[in-house]
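S.K.: I have a structure I would like to understand better, so I am pasting it below and will then ask my questions one at a time.
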Amino acid sequence: MFIIEDEIHAEPQKGEYKTFEDAFVELKKRAAIPWNEKPNRCPCTNWKDCERNYQIIEYDTTKISWKELKRKDILTISAKGVKWTDEK
C-alpha cells in the first residue's frame, strides 16, 4: 500500500493507493493546483513562506503494525513554483 505524506509537516495526506503509479497520478493533479489553495496550502502560520514536500511511502500492511518499506521525495510545491524530483 502507498500513501502520500508532506514530509516537512509530517502530515499524511488523505487516501491510500494500491500502486506507486496511482499515488503519482494524485501528485500530478496536485501539481496543477495553486500553492496557496487546499490541499497545497501549508497548515502552518507561516504558510506564505513555507512549502509542501510530498513523498510517496510504501508500507507492508500484512501485519497489524505497518512496516515502512520505501520512502521517496517526489514533488515540492511553494510560492516559488512546482519542482519535481529528477527520477520517478
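By convention in this document, the chains of the C-alpha cells carry letters A, B, ... by their order, each chain's residues are numbered from 1, and ligands are numbered from 1 in the order they are shown.
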What are the DSSP alpha helix (DSSP H) residues of chain A, as a list in words?

M.R.: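 Taking chain A and keeping alpha helix (DSSP H) only, one gets Phe20, Glu21, Asp22, Ala23, Phe24, Val25, Glu26, Leu27, Lys28, Lys29, Arg30 and Ala31 of chain A.
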
S.K.: I'd like the neighbourhood of Leu69 in chain A as a short mmCIF file (atom, residue, chain, number, x, y, z; two decimals) with N, CA, C and O atoms, in the first residue's frame, where a residue qualifies if any of its atoms comes within 10 Å (using only C-alpha atoms), though same-chain residues fewer than 6 positions away should be ignored.

M.R.:
```
data_model
loop_
_atom_site.label_atom_id
_atom_site.label_comp_id
_atom_site.auth_asym_id
_atom_site.auth_seq_id
_atom_site.Cartn_x
_atom_site.Cartn_y
_atom_site.Cartn_z
N MET A 1 0.84 -1.15 0.00
CA MET A 1 0.00 0.00 0.00
C MET A 1 0.90 1.23 0.00
O MET A 1 1.98 1.22 0.58
N PHE A 2 0.41 2.30 -0.63
CA PHE A 2 1.17 3.54 -0.74
C PHE A 2 0.35 4.69 -0.19
O PHE A 2 -0.89 4.71 -0.34
N ILE A 57 5.15 6.99 0.13
CA ILE A 57 5.69 6.00 1.07
C ILE A 57 4.99 4.67 0.83
O ILE A 57 3.76 4.60 0.75
N GLU A 58 5.79 3.61 0.74
CA GLU A 58 5.25 2.27 0.58
C GLU A 58 5.28 1.55 1.93
O GLU A 58 6.29 1.59 2.64
N TYR A 59 4.17 0.91 2.26
CA TYR A 59 4.06 0.17 3.52
C TYR A 59 3.68 -1.28 3.25
O TYR A 59 2.92 -1.59 2.33
N ASP A 60 4.19 -2.16 4.10
CA ASP A 60 3.73 -3.54 4.16
C ASP A 60 2.60 -3.54 5.18
O ASP A 60 2.83 -3.29 6.37
#
```

S.K.: Out of A:Thr85, A:His9, A:Lys14, A:Trp66, which residue has the shortest atom-to-atom distance to Thr45 in chain A when counting only C-alpha atoms?

M.R.: A:His9

S.K.: Smallest atom-to-atom distance to Ile77 in chain A: which of A:Glu16, A:Asp49, A:Glu11, A:Asp22, using only C-alpha atoms?

M.R.: A:Asp49

S.K.: Contacts of Asp73 in chain A at 10 Å or less, counting only C-alpha atoms, minus same-chain residues fewer than 5 places along, as number ranges by chain?

M.R.: A: 4-7, 53-57, 84-88

S.K.: With N, CA and C atoms retained, export the selected residues as a compact mmCIF listing (two decimals), in the first residue's frame.

M.R.:
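Output saved as out11.txt:
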```txt
# COMPACT_ATOMS: atom_id res chain seq x y z
N ILE A 4 0.64 9.20 0.50
CA ILE A 4 1.35 10.45 0.23
C ILE A 4 1.48 11.18 1.56
N GLU A 5 2.67 11.70 1.82
CA GLU A 5 2.91 12.46 3.05
C GLU A 5 3.64 13.75 2.72
N ASP A 6 3.27 14.81 3.43
CA ASP A 6 4.04 16.06 3.38
C ASP A 6 5.13 15.91 4.43
N GLU A 7 6.33 15.66 3.98
CA GLU A 7 7.46 15.37 4.87
C GLU A 7 7.79 16.55 5.78
N ASN A 53 6.50 19.33 0.78
CA ASN A 53 7.42 18.37 0.18
C ASN A 53 6.72 17.02 0.21
N TYR A 54 6.08 16.68 -0.90
CA TYR A 54 5.31 15.45 -0.97
C TYR A 54 6.21 14.25 -1.24
N GLN A 55 6.00 13.22 -0.45
CA GLN A 55 6.69 11.95 -0.61
C GLN A 55 5.65 10.86 -0.84
N ILE A 56 6.05 9.81 -1.55
CA ILE A 56 5.23 8.61 -1.64
C ILE A 56 5.93 7.56 -0.78
N ILE A 57 5.15 6.99 0.13
CA ILE A 57 5.69 6.00 1.07
C ILE A 57 4.99 4.67 0.83
N TRP A 84 9.66 18.99 -9.42
CA TRP A 84 9.64 17.54 -9.39
C TRP A 84 11.05 17.04 -9.15
N THR A 85 11.17 15.88 -8.49
CA THR A 85 12.47 15.25 -8.40
C THR A 85 12.84 14.73 -9.78
N ASP A 86 14.09 14.46 -10.01
CA ASP A 86 14.55 14.05 -11.33
C ASP A 86 14.17 12.64 -11.70
N GLU A 87 13.92 11.81 -10.71
CA GLU A 87 13.61 10.42 -11.02
C GLU A 87 12.25 10.05 -10.47
N LYS A 88 11.61 9.10 -11.08
CA LYS A 88 10.28 8.65 -10.64
C LYS A 88 10.42 7.47 -9.73
```

S.K.: Would you compute the distance between CA of Leu75 in chain A and CA of Lys18 in chain A? Give it in Å to one decimal.

M.R.: 19.4 Å

S.K.: Please list as a list in words every residue within 8 Å of Cys42 in chain A, counting only C-alpha atoms and excluding residues in the same chain fewer than 4 positions away.

M.R.: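 Selected residues are Asn36, Trp47, Lys48, Cys50, Glu51 and Arg52 of chain A.
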
S.K.: Using only C-alpha atoms, which residues sit within 10 Å of range 31-33 of chain A once same-chain residues fewer than 5 positions away are excluded, as a list in words?

M.R.: Val25, Glu26, Lys38, Pro39, Asn40, Arg41, Leu75, Thr76, Ile77, Gly81, Val82, Lys83 and Trp84 of chain A

S.K.: Can you work out the spacing between CA of Lys63 in chain A and CA of Glu21 in chain A in Å, to one decimal?

M.R.: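 Computing it gives 23.3 Å between the two atoms.
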
S.K.: Which is closest to Gly15 in chain A among A:Lys80, A:Arg30, A:Ile3, A:Thr61, if we use only C-alpha atoms?

M.R.: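 That would be A:Ile3, the residue with the smallest distance to Gly15 in chain A.
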